[in-house]
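Enquirer: I'd like to ask you about the structure that follows.
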Number of protein chains: 2
Amino acid sequence: MKKLVVIGLGLIGGSLALDLKKRGNYKVYGVDQNPNHIKKALKLGVIDEEISFSEIVDAAVIIIAVPVNIIPNLTTQVLDIISENTLVFDVGSVKNEICKAVENHKKRKNFVAAHPLAGTEFSGPEAAILNLFEHKVNIICEADKTDWKILDEAISLFKQLNMRIKMMQPVEHDRHIAYVSHLSHISSFMLGKTVLQIEKNEQAIFDMASTGFASTVRLAKSNADTWAPIFLENKDNIITSLNEYIKNLNEFKDLIENTDDSGLRESMKNTNYIKSILNGIKEND
Amino acid sequence: MKKLVVIGLGLIGGSLALDLKKRGNYKVYGVDQNPNHIKKALKLGVIDEEISFSEIVDAAVIIIAVPVNIIPNLTTQVLDIISENTLVFDVGSVKNEICKAVENHKKRKNFVAAHPLAGTEFSGPEAAILNLFEHKVNIICEADKTDWKILDEAISLFKQLNMRIKMMQPVEHDRHIAYVSHLSHISSFMLGKTVLQIEKNEQAIFDMASTGFASTVRLAKSNADTWAPIFLENKDNIITSLNEYIKNLNEFKDLIENTDDSGLRESMKNTNYIKSILNGIKEND
């Protein structure tokens with residue numbers, strides 16, 4: 001059995017460990033600076049064994065699933081010590097920083113910059129679930145900088161999880177994902193914050209949540225320690241998207257203030273077009 | 001069998017018709033100004049028969065399920081012609097206007113101002129589904145103005161659908177629902193609009209939707225003809241909630257711009273509290 005190491009046993013790292021342990025021919029080792037995560041991951045069967053950082057040298061595969069602000073340094077440290085044929089990939093939600101950080105590393109060819117577009121609002125090893133990546137898109141950036149045999153091994157691994165592979169430039173990835181993922185999280189967090197501030201009466205929130213609130217605010221349950229670094233690392237794109245979002249909210253507010261019934265209908269009908277784009281997508285992410 | 005009339009065969013009216021036809025001892029008649037709605041409702045078995053407005057006089061129950069801007073006038077017209085023992089209720093998402101409109105009507109005692117907190121992002125008779133109201137909360141406003149026997153009949157009907165009943169003042173209802181429901185819809189519509197404006201590349205939206213976008217933008221598929229009147233009828237409360245929301249978004253943007261990592265974490269961790277409030281709520285609406 002091949003030696004596979006997951007560094008960072010949260011939702012994504014834990015789910016990869018659990019799933020690859022089941023589907024792949026791997027013995028799965030875990031590294032996490034939080035001893036509670038290791039304990040839980042062992043107890044839940046997310047990993048086979050704990051391993052120390054110095055013992056990862058001869059691994060066949062190393063997955064880096066830590067918060068995005070840690071990824072660049074940690075990946076460099078990992079590439080510094082691994083053997084010639086080790087596949088290393090990260091799963092971070094921002095890709096330009098990490099691509100720049102390893103650009104000139106002598107082991108750049110061992111590295112795959114990946115972003116599996118999957119998740120839930122839960123966190124920690126206890127959030128690890130099977131089939132999280134099934135039919136989800138996995139974005140790979142600067143694939144041409146990876147050795148072709150290493151890349152092929154990564155693709156085989158992703159295909160064992162039934163992921164769909166999409167190649168993208170890191171700058172383009174970070175711009176798209178700011179709108180489609182990061183902005184969704186901020187809009188949800190701020191919706192949750194706004195409602196909490198006003199609705200001192202918690203029972204009212206609970207009673208009324210079936211009006212659309214519960215699903216729209218779902219992402220506000222997400223882990224702050226995961227998301228703060230993402231927002232900072234993709235700062236420029238997120239600021240641009242937030243400015244657009246706030247501008248649109250102000251314009252919509254003006255339509256309401258001016259009792260502009262046809263303006264409101266037109267704005268919403270145009271946006272209904274999202275239906276035909278998303279048609280058929282089921283998500284639990 | 002009792003004669004039950006549903007006026008407005010959209011998502012809510014259609015679902016009530018369908019469910020009460022199945023669970024209750026009613027013959028269900030439909031009124032809708034759109035002939036296509038009648039045709040579809042008959043074909044899908046949502047109603048037993050079409051009926052003209054003048055024939056509703058001797059109905060046992062009349063449900064008013066039209067857009068909120070139509071409700072006050074239509075309810076007055078209905079109350080003008082019904083018989084002594086007819087139960088009339090509306091299902092509008094804004095309650096103060098309708099309560100004021102019928103306040104002094106001589107048949108006020110025949111009327112129940114209701115708001116079943118249920119729905120989906122779909123619309124029209126084809127969106128009608130069974131069990132939509134199962135275990136959902138139904139808010140009744142100014143119940144003391146309804147004749148007790150009429151109110152009891154309404155409660156029996158709601159209990160046939162397994163709804164939970166909650167009494168509330170209309171002003172209080174409209175204030176709460178602005179935050180918990182109406183604001184959610186606006187935040188979702190504007191998220192959809194913002195992403196559509198930027199992502200000319202539709203394939204990217206589709207590919208990346210599993211990152212939280214698809215669920216957060218779900219309400220942006222909602223019917224503009226339902227929601228424009230709601231936003232205008234609950235204008236003051238919605239403007240207040242939107243101002244708070246935009247203020248929070250600007251503050252969060254400032255935290256990102258100032259690279260205030262601990263500020264971001266604190267804001268999100270405080271908002272995570274929403275988790276414990278919503279815990280256990282499953283929603284499909």
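Chain lettering (A, B, ...) mirrors the order of the structure tokens, residue numbering begins at 1 for each chain separately, and ligand numbering begins at 1 in order of display.
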Which of stretch 89-204 of chain A end up as helix (DSSP H, G or I) when DSSP is run on this backbone - answer as a compact mmCIF listing (two decimals) with all heavy atoms, in the first residue's frame?
Expert:
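Result file selection.txt:
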```
# COMPACT_ATOMS: atom_id res chain seq x y z
N ASN A 96 -3.26 32.07 -6.46
CA ASN A 96 -2.15 32.84 -7.00
C ASN A 96 -0.96 32.89 -6.04
O ASN A 96 0.19 32.73 -6.46
CB ASN A 96 -2.62 34.27 -7.35
CG ASN A 96 -1.68 34.93 -8.34
OD1 ASN A 96 -1.20 34.28 -9.26
ND2 ASN A 96 -1.41 36.21 -8.14
N GLU A 97 -1.23 33.10 -4.75
CA GLU A 97 -0.15 33.17 -3.76
C GLU A 97 0.70 31.90 -3.75
O GLU A 97 1.93 31.97 -3.81
CB GLU A 97 -0.72 33.36 -2.34
CG GLU A 97 -1.23 34.74 -2.04
CD GLU A 97 -0.13 35.79 -1.94
OE1 GLU A 97 0.95 35.47 -1.42
OE2 GLU A 97 -0.36 36.92 -2.42
N ILE A 98 0.05 30.77 -3.68
CA ILE A 98 0.81 29.51 -3.58
C ILE A 98 1.58 29.26 -4.89
O ILE A 98 2.73 28.80 -4.85
CB ILE A 98 -0.11 28.32 -3.19
CG1 ILE A 98 0.64 26.99 -3.27
CG2 ILE A 98 -1.38 28.24 -4.02
CD1 ILE A 98 1.81 26.89 -2.32
N CYS A 99 0.96 29.58 -6.02
CA CYS A 99 1.67 29.36 -7.29
C CYS A 99 2.93 30.23 -7.37
O CYS A 99 3.98 29.78 -7.83
CB CYS A 99 0.74 29.64 -8.47
SG CYS A 99 -0.46 28.30 -8.74
N LYS A 100 2.80 31.46 -6.89
CA LYS A 100 3.98 32.34 -6.88
C LYS A 100 5.03 31.83 -5.89
O LYS A 100 6.22 31.86 -6.17
CB LYS A 100 3.59 33.78 -6.51
CG LYS A 100 3.00 34.56 -7.69
CD LYS A 100 2.93 36.06 -7.41
CE LYS A 100 2.04 36.36 -6.22
NZ LYS A 100 1.90 37.78 -5.90
N ALA A 101 4.57 31.35 -4.73
CA ALA A 101 5.50 30.95 -3.67
C ALA A 101 6.41 29.79 -4.09
O ALA A 101 7.56 29.71 -3.67
CB ALA A 101 4.73 30.59 -2.40
N VAL A 102 5.90 28.88 -4.90
CA VAL A 102 6.68 27.68 -5.26
C VAL A 102 7.26 27.77 -6.68
O VAL A 102 7.92 26.83 -7.13
CB VAL A 102 5.85 26.38 -5.13
CG1 VAL A 102 5.42 26.17 -3.68
CG2 VAL A 102 4.63 26.40 -6.05
N ARG A 108 9.35 22.17 -7.78
CA ARG A 108 8.06 22.64 -8.31
C ARG A 108 7.34 21.56 -9.09
O ARG A 108 6.12 21.45 -9.06
CB ARG A 108 8.27 23.89 -9.19
CG ARG A 108 7.00 24.37 -9.93
CD ARG A 108 5.94 24.82 -8.95
NE ARG A 108 4.64 25.20 -9.55
CZ ARG A 108 3.66 24.35 -9.82
NH1 ARG A 108 3.83 23.03 -9.61
NH2 ARG A 108 2.52 24.78 -10.31
N LYS A 109 8.12 20.74 -9.81
CA LYS A 109 7.53 19.71 -10.67
C LYS A 109 6.82 18.60 -9.87
O LYS A 109 6.04 17.83 -10.43
CB LYS A 109 8.60 19.10 -11.58
CG LYS A 109 9.70 18.36 -10.82
CD LYS A 109 10.65 17.64 -11.75
CE LYS A 109 11.65 16.77 -10.98
NZ LYS A 109 11.08 15.94 -9.90
N ASN A 110 7.07 18.54 -8.55
CA ASN A 110 6.37 17.55 -7.71
C ASN A 110 5.02 18.06 -7.20
O ASN A 110 4.28 17.32 -6.55
CB ASN A 110 7.22 17.19 -6.48
CG ASN A 110 8.46 16.42 -6.85
OD1 ASN A 110 9.33 16.94 -7.55
ND2 ASN A 110 8.54 15.17 -6.42
N PRO A 125 -12.29 17.44 11.98
CA PRO A 125 -12.30 16.04 11.51
C PRO A 125 -13.69 15.42 11.59
O PRO A 125 -14.04 14.55 10.78
CB PRO A 125 -11.36 15.32 12.49
CG PRO A 125 -10.60 16.38 13.20
CD PRO A 125 -11.41 17.63 13.15
N GLU A 126 -14.50 15.88 12.54
CA GLU A 126 -15.85 15.33 12.68
C GLU A 126 -16.76 15.73 11.51
O GLU A 126 -17.84 15.17 11.34
CB GLU A 126 -16.48 15.72 14.03
CG GLU A 126 -16.65 17.22 14.27
CD GLU A 126 -15.41 17.86 14.91
OE1 GLU A 126 -14.27 17.44 14.56
OE2 GLU A 126 -15.58 18.77 15.74
N ALA A 127 -16.31 16.70 10.72
CA ALA A 127 -17.08 17.12 9.54
C ALA A 127 -16.74 16.28 8.31
O ALA A 127 -17.39 16.40 7.27
CB ALA A 127 -16.84 18.59 9.24
N ALA A 143 -0.75 23.64 -14.51
CA ALA A 143 -0.48 22.20 -14.59
C ALA A 143 0.79 21.93 -15.40
O ALA A 143 1.47 20.91 -15.20
CB ALA A 143 -1.67 21.48 -15.23
N ASP A 144 1.11 22.86 -16.30
CA ASP A 144 2.32 22.67 -17.14
C ASP A 144 3.60 22.73 -16.32
O ASP A 144 4.67 22.34 -16.82
CB ASP A 144 2.35 23.73 -18.24
CG ASP A 144 2.22 25.13 -17.68
OD1 ASP A 144 1.35 25.34 -16.82
OD2 ASP A 144 3.03 25.99 -18.07
N LYS A 145 3.53 23.22 -15.09
CA LYS A 145 4.73 23.30 -14.26
C LYS A 145 4.95 22.04 -13.44
O LYS A 145 5.91 21.93 -12.68
CB LYS A 145 4.68 24.53 -13.36
CG LYS A 145 4.62 25.82 -14.18
CD LYS A 145 4.92 27.06 -13.39
CE LYS A 145 4.99 28.25 -14.36
NZ LYS A 145 4.95 29.53 -13.69
N TRP A 148 4.94 15.51 -15.79
CA TRP A 148 3.73 14.89 -16.34
C TRP A 148 3.33 13.60 -15.63
O TRP A 148 2.15 13.29 -15.49
CB TRP A 148 3.85 14.69 -17.86
CG TRP A 148 4.66 13.50 -18.31
CD1 TRP A 148 5.98 13.50 -18.65
CD2 TRP A 148 4.20 12.16 -18.51
NE1 TRP A 148 6.38 12.24 -19.02
CE2 TRP A 148 5.31 11.39 -18.95
CE3 TRP A 148 2.96 11.52 -18.35
CZ2 TRP A 148 5.22 10.03 -19.22
CZ3 TRP A 148 2.87 10.16 -18.62
CH2 TRP A 148 3.99 9.42 -19.04
N LYS A 149 4.33 12.84 -15.15
CA LYS A 149 3.97 11.60 -14.44
C LYS A 149 3.35 11.89 -13.07
O LYS A 149 2.43 11.20 -12.63
CB LYS A 149 5.22 10.73 -14.25
CG LYS A 149 5.66 10.05 -15.55
CD LYS A 149 6.87 9.17 -15.30
CE LYS A 149 7.44 8.66 -16.63
NZ LYS A 149 8.83 8.18 -16.48
N ILE A 150 3.86 12.93 -12.41
CA ILE A 150 3.30 13.35 -11.12
C ILE A 150 1.87 13.86 -11.32
O ILE A 150 0.94 13.51 -10.58
CB ILE A 150 4.17 14.47 -10.48
CG1 ILE A 150 5.61 13.98 -10.24
CG2 ILE A 150 3.52 15.03 -9.23
CD1 ILE A 150 5.88 13.38 -8.90
N LEU A 151 1.70 14.68 -12.35
CA LEU A 151 0.37 15.22 -12.66
C LEU A 151 -0.61 14.09 -12.98
O LEU A 151 -1.75 14.08 -12.51
CB LEU A 151 0.46 16.19 -13.85
CG LEU A 151 -0.87 16.84 -14.27
CD1 LEU A 151 -1.42 17.74 -13.17
CD2 LEU A 151 -0.72 17.63 -15.57
N ASP A 152 -0.13 13.13 -13.74
CA ASP A 152 -0.99 12.00 -14.10
C ASP A 152 -1.42 11.21 -12.86
O ASP A 152 -2.55 10.76 -12.76
CB ASP A 152 -0.25 11.08 -15.09
CG ASP A 152 -1.11 9.91 -15.50
OD1 ASP A 152 -2.15 10.15 -16.15
OD2 ASP A 152 -0.78 8.76 -15.14
N GLU A 153 -0.50 11.09 -11.90
CA GLU A 153 -0.84 10.40 -10.66
C GLU A 153 -1.90 11.19 -9.88
O GLU A 153 -2.84 10.60 -9.31
CB GLU A 153 0.42 10.21 -9.80
CG GLU A 153 0.24 9.13 -8.74
CD GLU A 153 1.50 8.99 -7.89
OE1 GLU A 153 2.62 9.08 -8.45
OE2 GLU A 153 1.34 8.78 -6.67
N ALA A 154 -1.74 12.51 -9.88
CA ALA A 154 -2.74 13.36 -9.20
C ALA A 154 -4.11 13.19 -9.87
O ALA A 154 -5.13 13.03 -9.19
CB ALA A 154 -2.30 14.82 -9.24
N ILE A 155 -4.11 13.20 -11.19
CA ILE A 155 -5.38 13.06 -11.92
C ILE A 155 -6.02 11.71 -11.63
O ILE A 155 -7.23 11.61 -11.43
CB ILE A 155 -5.15 13.28 -13.43
CG1 ILE A 155 -4.80 14.77 -13.68
CG2 ILE A 155 -6.37 12.88 -14.25
CD1 ILE A 155 -4.40 15.09 -15.11
N SER A 156 -5.21 10.66 -11.57
CA SER A 156 -5.74 9.33 -11.22
C SER A 156 -6.41 9.36 -9.85
O SER A 156 -7.49 8.80 -9.65
CB SER A 156 -4.62 8.29 -11.19
OG SER A 156 -4.04 8.17 -12.45
N LEU A 157 -5.75 10.02 -8.90
CA LEU A 157 -6.30 10.11 -7.54
C LEU A 157 -7.63 10.87 -7.57
O LEU A 157 -8.62 10.42 -6.98
CB LEU A 157 -5.27 10.81 -6.65
CG LEU A 157 -5.58 10.96 -5.16
CD1 LEU A 157 -4.28 10.99 -4.35
CD2 LEU A 157 -6.41 12.18 -4.85
N PHE A 158 -7.67 11.99 -8.28
CA PHE A 158 -8.92 12.77 -8.33
C PHE A 158 -10.03 11.97 -9.03
O PHE A 158 -11.20 12.08 -8.67
CB PHE A 158 -8.69 14.10 -9.07
CG PHE A 158 -7.67 15.00 -8.40
CD1 PHE A 158 -6.78 15.77 -9.16
CD2 PHE A 158 -7.58 15.08 -7.02
CE1 PHE A 158 -5.84 16.60 -8.53
CE2 PHE A 158 -6.64 15.90 -6.39
CZ PHE A 158 -5.77 16.66 -7.16
N LYS A 159 -9.64 11.18 -10.01
CA LYS A 159 -10.64 10.38 -10.73
C LYS A 159 -11.17 9.23 -9.87
O LYS A 159 -12.31 8.80 -10.04
CB LYS A 159 -10.05 9.86 -12.05
CG LYS A 159 -10.02 10.91 -13.15
CD LYS A 159 -11.45 11.35 -13.52
CE LYS A 159 -11.50 12.52 -14.47
NZ LYS A 159 -12.87 13.04 -14.64
N GLN A 160 -10.31 8.72 -8.94
CA GLN A 160 -10.82 7.73 -7.98
C GLN A 160 -11.96 8.31 -7.16
O GLN A 160 -12.84 7.59 -6.69
CB GLN A 160 -9.69 7.29 -7.03
CG GLN A 160 -8.70 6.32 -7.65
CD GLN A 160 -7.71 5.83 -6.63
OE1 GLN A 160 -7.11 6.63 -5.92
NE2 GLN A 160 -7.51 4.52 -6.55
N PRO A 170 -4.04 30.73 -12.37
CA PRO A 170 -4.33 31.12 -10.98
C PRO A 170 -5.00 32.49 -10.85
O PRO A 170 -5.89 32.67 -10.02
CB PRO A 170 -2.95 31.10 -10.29
CG PRO A 170 -1.94 30.96 -11.37
CD PRO A 170 -2.61 30.37 -12.55
N VAL A 171 -4.56 33.45 -11.65
CA VAL A 171 -5.15 34.79 -11.56
C VAL A 171 -6.63 34.75 -11.94
O VAL A 171 -7.48 35.36 -11.28
CB VAL A 171 -4.38 35.78 -12.47
CG1 VAL A 171 -5.12 37.10 -12.59
CG2 VAL A 171 -2.96 36.01 -11.94
N GLU A 172 -6.91 33.99 -12.98
CA GLU A 172 -8.29 33.85 -13.45
C GLU A 172 -9.12 33.10 -12.39
O GLU A 172 -10.26 33.49 -12.07
CB GLU A 172 -8.26 33.06 -14.76
CG GLU A 172 -9.55 33.02 -15.53
CD GLU A 172 -9.55 31.94 -16.62
OE1 GLU A 172 -8.49 31.30 -16.84
OE2 GLU A 172 -10.62 31.71 -17.21
N HIS A 173 -8.55 32.04 -11.82
CA HIS A 173 -9.22 31.29 -10.76
C HIS A 173 -9.63 32.20 -9.61
O HIS A 173 -10.77 32.21 -9.16
CB HIS A 173 -8.32 30.17 -10.23
CG HIS A 173 -8.80 29.58 -8.94
ND1 HIS A 173 -8.54 30.15 -7.71
CD2 HIS A 173 -9.57 28.49 -8.70
CE1 HIS A 173 -9.11 29.43 -6.77
NE2 HIS A 173 -9.74 28.42 -7.34
N ASP A 174 -8.66 33.00 -9.13
CA ASP A 174 -8.92 33.84 -7.95
C ASP A 174 -9.98 34.90 -8.24
O ASP A 174 -10.76 35.26 -7.36
CB ASP A 174 -7.62 34.51 -7.49
CG ASP A 174 -6.66 33.50 -6.86
OD1 ASP A 174 -6.99 32.30 -6.82
OD2 ASP A 174 -5.57 33.92 -6.41
N ARG A 175 -10.03 35.39 -9.48
CA ARG A 175 -11.02 36.39 -9.84
C ARG A 175 -12.42 35.77 -9.88
O ARG A 175 -13.37 36.27 -9.29
CB ARG A 175 -10.65 37.01 -11.20
CG ARG A 175 -11.47 38.22 -11.57
CD ARG A 175 -10.81 39.07 -12.66
NE ARG A 175 -10.05 38.30 -13.63
CZ ARG A 175 -10.56 37.68 -14.69
NH1 ARG A 175 -11.85 37.73 -14.92
NH2 ARG A 175 -9.78 37.01 -15.53
N HIS A 176 -12.54 34.63 -10.57
CA HIS A 176 -13.84 33.95 -10.64
C HIS A 176 -14.35 33.54 -9.26
O HIS A 176 -15.49 33.75 -8.90
CB HIS A 176 -13.74 32.69 -11.51
CG HIS A 176 -13.77 32.96 -12.98
ND1 HIS A 176 -14.81 33.62 -13.60
CD2 HIS A 176 -12.88 32.65 -13.96
CE1 HIS A 176 -14.57 33.70 -14.89
NE2 HIS A 176 -13.40 33.13 -15.14
N ILE A 177 -13.46 32.94 -8.49
CA ILE A 177 -13.89 32.34 -7.22
C ILE A 177 -14.28 33.43 -6.21
O ILE A 177 -15.11 33.19 -5.33
CB ILE A 177 -12.79 31.38 -6.68
CG1 ILE A 177 -13.40 30.24 -5.88
CG2 ILE A 177 -11.73 32.10 -5.86
CD1 ILE A 177 -14.05 29.18 -6.68
N ALA A 178 -13.71 34.63 -6.36
CA ALA A 178 -14.10 35.75 -5.49
C ALA A 178 -15.59 36.02 -5.63
O ALA A 178 -16.30 36.20 -4.64
CB ALA A 178 -13.31 37.02 -5.86
N TYR A 179 -16.08 36.00 -6.88
CA TYR A 179 -17.50 36.27 -7.11
C TYR A 179 -18.36 35.08 -6.74
O TYR A 179 -19.36 35.19 -6.04
CB TYR A 179 -17.74 36.66 -8.58
CG TYR A 179 -17.37 38.09 -8.85
CD1 TYR A 179 -16.08 38.42 -9.24
CD2 TYR A 179 -18.30 39.10 -8.66
CE1 TYR A 179 -15.72 39.75 -9.45
CE2 TYR A 179 -17.95 40.42 -8.88
CZ TYR A 179 -16.67 40.74 -9.28
OH TYR A 179 -16.34 42.04 -9.47
N VAL A 180 -17.98 33.92 -7.23
CA VAL A 180 -18.90 32.79 -7.15
C VAL A 180 -18.86 32.11 -5.77
O VAL A 180 -19.85 31.58 -5.32
CB VAL A 180 -18.63 31.78 -8.28
CG1 VAL A 180 -19.61 30.64 -8.23
CG2 VAL A 180 -18.72 32.48 -9.63
N SER A 181 -17.73 32.17 -5.08
CA SER A 181 -17.68 31.52 -3.77
C SER A 181 -17.47 32.51 -2.63
O SER A 181 -18.26 32.57 -1.69
CB SER A 181 -16.56 30.48 -3.75
OG SER A 181 -16.29 30.07 -2.43
N HIS A 182 -16.43 33.31 -2.69
CA HIS A 182 -16.08 34.14 -1.54
C HIS A 182 -17.17 35.18 -1.25
O HIS A 182 -17.54 35.39 -0.10
CB HIS A 182 -14.71 34.79 -1.77
CG HIS A 182 -13.62 33.77 -2.01
ND1 HIS A 182 -12.37 34.08 -2.47
CD2 HIS A 182 -13.61 32.42 -1.87
CE1 HIS A 182 -11.64 32.99 -2.60
NE2 HIS A 182 -12.38 31.97 -2.24
N LEU A 183 -17.70 35.81 -2.30
CA LEU A 183 -18.77 36.80 -2.10
C LEU A 183 -20.02 36.16 -1.49
O LEU A 183 -20.68 36.76 -0.64
CB LEU A 183 -19.11 37.49 -3.43
CG LEU A 183 -20.19 38.57 -3.38
CD1 LEU A 183 -19.81 39.70 -2.44
CD2 LEU A 183 -20.48 39.12 -4.78
N SER A 184 -20.32 34.93 -1.92
CA SER A 184 -21.48 34.22 -1.33
C SER A 184 -21.31 34.07 0.18
O SER A 184 -22.26 34.22 0.94
CB SER A 184 -21.62 32.81 -1.92
OG SER A 184 -21.91 32.87 -3.29
N HIS A 185 -20.09 33.76 0.60
CA HIS A 185 -19.85 33.58 2.03
C HIS A 185 -20.02 34.89 2.79
O HIS A 185 -20.62 34.94 3.85
CB HIS A 185 -18.46 32.97 2.27
CG HIS A 185 -18.43 31.49 2.03
ND1 HIS A 185 -18.37 30.94 0.77
CD2 HIS A 185 -18.49 30.44 2.89
CE1 HIS A 185 -18.37 29.62 0.87
NE2 HIS A 185 -18.44 29.29 2.15
N ILE A 186 -19.49 35.98 2.22
CA ILE A 186 -19.60 37.28 2.91
C ILE A 186 -21.06 37.73 2.96
O ILE A 186 -21.54 38.19 4.00
CB ILE A 186 -18.72 38.34 2.21
CG1 ILE A 186 -17.24 37.95 2.35
CG2 ILE A 186 -18.97 39.72 2.81
CD1 ILE A 186 -16.27 38.83 1.58
N SER A 187 -21.80 37.56 1.85
CA SER A 187 -23.20 37.99 1.85
C SER A 187 -23.99 37.21 2.89
O SER A 187 -24.86 37.73 3.57
CB SER A 187 -23.82 37.85 0.46
OG SER A 187 -24.26 36.54 0.22
N SER A 188 -23.64 35.95 3.07
CA SER A 188 -24.33 35.10 4.03
C SER A 188 -23.93 35.46 5.47
O SER A 188 -24.79 35.56 6.35
CB SER A 188 -23.99 33.64 3.72
OG SER A 188 -24.82 32.77 4.43
N PHE A 189 -22.64 35.66 5.69
CA PHE A 189 -22.18 36.06 7.03
C PHE A 189 -22.84 37.37 7.46
O PHE A 189 -23.31 37.52 8.58
CB PHE A 189 -20.65 36.23 7.05
CG PHE A 189 -19.91 35.01 7.54
CD1 PHE A 189 -19.11 34.26 6.69
CD2 PHE A 189 -20.02 34.61 8.87
CE1 PHE A 189 -18.42 33.14 7.14
CE2 PHE A 189 -19.34 33.48 9.33
CZ PHE A 189 -18.53 32.75 8.46
N MET A 190 -22.88 38.34 6.55
CA MET A 190 -23.44 39.64 6.93
C MET A 190 -24.96 39.59 7.08
O MET A 190 -25.53 40.31 7.88
CB MET A 190 -23.00 40.71 5.92
CG MET A 190 -21.52 41.03 5.98
SD MET A 190 -20.92 41.49 7.65
CE MET A 190 -20.11 39.97 8.18
N LEU A 191 -25.61 38.71 6.32
CA LEU A 191 -27.04 38.51 6.53
C LEU A 191 -27.28 37.96 7.94
O LEU A 191 -28.14 38.44 8.67
CB LEU A 191 -27.59 37.51 5.49
CG LEU A 191 -29.07 37.15 5.63
CD1 LEU A 191 -29.95 38.35 5.33
CD2 LEU A 191 -29.44 35.99 4.70
N GLY A 192 -26.49 36.96 8.32
CA GLY A 192 -26.60 36.40 9.67
C GLY A 192 -26.35 37.46 10.73
O GLY A 192 -27.11 37.58 11.69
N LYS A 193 -25.30 38.26 10.52
CA LYS A 193 -24.97 39.30 11.49
C LYS A 193 -26.11 40.32 11.62
O LYS A 193 -26.50 40.69 12.72
CB LYS A 193 -23.68 40.01 11.05
CG LYS A 193 -23.25 41.10 12.01
CD LYS A 193 -21.88 41.67 11.66
CE LYS A 193 -21.55 42.76 12.69
NZ LYS A 193 -20.18 43.24 12.57
N THR A 194 -26.64 40.76 10.47
CA THR A 194 -27.71 41.76 10.48
C THR A 194 -28.94 41.26 11.23
O THR A 194 -29.53 41.96 12.06
CB THR A 194 -28.10 42.14 9.04
OG1 THR A 194 -26.93 42.51 8.33
CG2 THR A 194 -29.09 43.29 9.01
N VAL A 195 -29.31 40.02 10.95
CA VAL A 195 -30.51 39.47 11.59
C VAL A 195 -30.27 39.27 13.08
O VAL A 195 -31.15 39.57 13.91
CB VAL A 195 -30.95 38.17 10.89
CG1 VAL A 195 -32.04 37.47 11.67
CG2 VAL A 195 -31.44 38.48 9.48
N LEU A 196 -29.07 38.81 13.45
CA LEU A 196 -28.77 38.63 14.88
C LEU A 196 -28.82 39.96 15.63
O LEU A 196 -29.30 40.02 16.76
CB LEU A 196 -27.38 38.01 15.06
CG LEU A 196 -27.28 36.50 14.90
CD1 LEU A 196 -25.82 36.07 15.00
CD2 LEU A 196 -28.12 35.76 15.93
N GLN A 197 -28.32 41.02 15.00
CA GLN A 197 -28.30 42.33 15.66
C GLN A 197 -29.72 42.83 15.98
O GLN A 197 -29.95 43.42 17.02
CB GLN A 197 -27.62 43.37 14.75
CG GLN A 197 -26.10 43.28 14.76
CD GLN A 197 -25.48 44.16 13.68
OE1 GLN A 197 -26.10 44.44 12.67
NE2 GLN A 197 -24.23 44.57 13.90
N ILE A 198 -30.62 42.60 15.05
CA ILE A 198 -31.97 43.14 15.21
C ILE A 198 -32.86 42.20 16.00
O ILE A 198 -33.61 42.61 16.87
CB ILE A 198 -32.61 43.40 13.83
CG1 ILE A 198 -31.72 44.32 13.01
CG2 ILE A 198 -34.01 43.96 13.97
CD1 ILE A 198 -31.51 45.67 13.61
N GLU A 202 -34.72 35.59 19.86
CA GLU A 202 -34.20 34.45 19.10
C GLU A 202 -35.30 33.52 18.62
O GLU A 202 -35.18 32.88 17.59
CB GLU A 202 -33.21 33.66 19.96
CG GLU A 202 -31.94 34.42 20.21
CD GLU A 202 -31.00 33.63 21.10
OE1 GLU A 202 -31.21 32.42 21.26
OE2 GLU A 202 -30.08 34.25 21.63
N GLN A 203 -36.35 33.43 19.40
CA GLN A 203 -37.43 32.53 19.02
C GLN A 203 -38.01 32.93 17.66
O GLN A 203 -38.36 32.08 16.87
CB GLN A 203 -38.52 32.53 20.10
CG GLN A 203 -39.52 31.41 19.96
CD GLN A 203 -38.86 30.03 19.98
OE1 GLN A 203 -37.95 29.78 20.77
NE2 GLN A 203 -39.28 29.14 19.08
N ALA A 204 -38.05 34.25 17.42
CA ALA A 204 -38.61 34.71 16.14
C ALA A 204 -37.76 34.24 14.98
O ALA A 204 -38.27 33.86 13.93
CB ALA A 204 -38.73 36.24 16.14
```
Enquirer: Can you list, as a list in words, all residues belonging to stretch 117-268 of chain B that DSSP tags as strand (DSSP E or B)?
Expert: Val137, Asn138, Ile139, Ile140, Cys141, Arg164, Ile165, Lys166, Met167 and Met168 of chain B
Enquirer: Just the number, please: distance in Å from atom CA of B:Met268 to atom CA of A:Gly119, one decimal.
Expert: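 If I compute the distance from atom CA of B:Met268 to atom CA of A:Gly119, I get 17.7 Å.
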Enquirer: Can you list, as number ranges by chain, every protein, DNA or RNA residue that comes within 12 Å of A:Asn69 when you count only C-alpha atoms, leaving out same-chain residues fewer than 3 positions away?
Expert: A: 64-66, 72-75, 92-98, 101, 225-234; B: 261
Enquirer: Pick from B:Lys253, B:Asn162, B:Tyr26, B:Asn243: nearest to B:His135, with only C-alpha atoms counted?
Expert: B:Asn162
Enquirer: Separation of atom CA of B:Glu244 and atom CA of A:Phe122, in Å?
Expert: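 Separation between atom CA of B:Glu244 and atom CA of A:Phe122: 27.0 Å.
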Enquirer: How many Å lie between atom CA of B:Asn223 and atom CA of B:Glu121, rounded to one decimal?
Expert: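 Atom CA of B:Glu121 lies 7.4 Å from atom CA of B:Asn223.
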